[in-house]
Amino acid sequence: MPFRHPDRAHDLATRIDMEVRERLEEAVDFVCLEALVQARRQRGLPPPVADSAADRRDYLSNVSAFLTLLERDLTTGLTSDQRSRLGAAVSAQNHDQAGLVTTQVTLARLLPDYWQRFDAVRTRYLSEPTTDQGAAPPEIDESGRERRGLLARLFGRS
């Protein structure tokens with residue numbers, strides 16, 4: 001996997017964290033946009049619009065809900081050593097969206113089966129009918145797009 005960041009001024013661990021964060025933000029972006037589209041489709045509404053404040057609020061609500069669910073599911077069953085390593089990495093964070101993403105980056109580096117577990121939570125999140133989500137799981141887009149996800153745009157990362 002080639003690194004997409006041309007800046008080589010950071011050490012390898014930092015560059016890996018940056019790459020994991022970017023891939024994680026893209027994956028969360030996909031899940032939350034899909035949940036928003038499904039919910040709109042289920043209610044017979046038009047697709048979300050990028051410049052709509054209400055759509056942005058709904059999207060951010062999905063981001064918080066998904067990241068919270070992901071954290072709860074992935075931290076259940078951690079060993080005491082894994083919990084202490086996770087706690088040391090994210091001890092100063094609060095539970096805002098940036099903090100939740102930081103927790104996921106740490107978990108992705110800590111758990112060898114992180115992406116399989118992420119996918120299981122994604123499938124369950126998108127298949128559970130709620131007021132914020134639709135009922136059918138999406139087809140996964142494997143296009144390998146290189147654009148920044150909405151989380152990266154919201155947090156101002158390039």
# chains A, B, ... in the order shown; residues from 1 in each chain; ligands from 1
call {"tool": "closest_atom_pairs", "arguments": {"of": "segment 21-63 of chain A", "to": "segment 109-130 of chain A", "cutoff": "8 Å", "atoms": "only C-alpha atoms", "output": "CSV"}}
result
residue,atom,partner,partner_atom,distance
A:Val31,CA,A:Arg122,CA,6.6
A:Glu34,CA,A:Leu126,CA,7.8
A:Ala35,CA,A:Leu126,CA,6.0
call {"tool": "residues_around", "arguments": {"residues": "Arg56 of chain A", "least_positions_apart": "3", "cutoff": "12 Å", "atoms": "only C-alpha atoms", "output": "compact mmCIF listing (two decimals) with N, CA and C atoms, in the first residue's frame"}}
result
# COMPACT_ATOMS: atom_id res chain seq x y z
N CYS A 32 -21.62 6.55 6.89
CA CYS A 32 -22.57 7.56 7.35
C CYS A 32 -23.34 8.22 6.20
N LEU A 33 -22.69 8.41 5.08
CA LEU A 33 -23.41 8.91 3.91
C LEU A 33 -24.42 7.88 3.41
N LEU A 36 -27.39 7.96 5.68
CA LEU A 36 -28.20 9.14 5.41
C LEU A 36 -29.02 8.96 4.14
N PRO A 48 -29.50 13.59 -0.04
CA PRO A 48 -28.94 14.74 0.68
C PRO A 48 -28.17 15.68 -0.25
N VAL A 49 -28.10 16.94 0.17
CA VAL A 49 -27.43 17.98 -0.61
C VAL A 49 -26.25 18.50 0.22
N ALA A 50 -25.12 18.71 -0.44
CA ALA A 50 -23.89 19.09 0.26
C ALA A 50 -24.01 20.39 1.04
N ASP A 51 -24.77 21.36 0.54
CA ASP A 51 -24.83 22.66 1.22
C ASP A 51 -26.05 22.81 2.13
N SER A 52 -26.71 21.73 2.48
CA SER A 52 -27.87 21.78 3.36
C SER A 52 -27.44 21.62 4.82
N ALA A 53 -27.79 22.60 5.64
CA ALA A 53 -27.45 22.53 7.06
C ALA A 53 -28.14 21.35 7.75
N TYR A 59 -26.03 14.02 8.94
CA TYR A 59 -24.79 13.29 8.67
C TYR A 59 -23.93 13.22 9.94
N LEU A 60 -23.74 14.35 10.60
CA LEU A 60 -22.92 14.38 11.82
C LEU A 60 -23.53 13.54 12.93
N SER A 61 -24.85 13.49 12.97
CA SER A 61 -25.52 12.62 13.92
C SER A 61 -25.19 11.15 13.63
N ASN A 62 -25.19 10.77 12.36
CA ASN A 62 -24.80 9.42 11.97
C ASN A 62 -23.35 9.14 12.32
N VAL A 63 -22.47 10.11 12.12
CA VAL A 63 -21.05 9.93 12.44
C VAL A 63 -20.89 9.64 13.92
N LEU A 150 -15.66 13.41 4.07
CA LEU A 150 -16.29 14.54 4.72
C LEU A 150 -15.67 14.80 6.09
N LEU A 151 -15.32 13.75 6.82
CA LEU A 151 -14.69 13.96 8.12
C LEU A 151 -13.39 14.75 7.97
N LEU A 154 -14.33 18.27 7.32
CA LEU A 154 -14.86 18.93 8.51
C LEU A 154 -13.75 19.28 9.49
call {"tool": "atom_distance", "arguments": {"atom1": "atom CA of Arg41 of chain A", "atom2": "atom CA of Ala27 of chain A"}}
result
21.0 Å
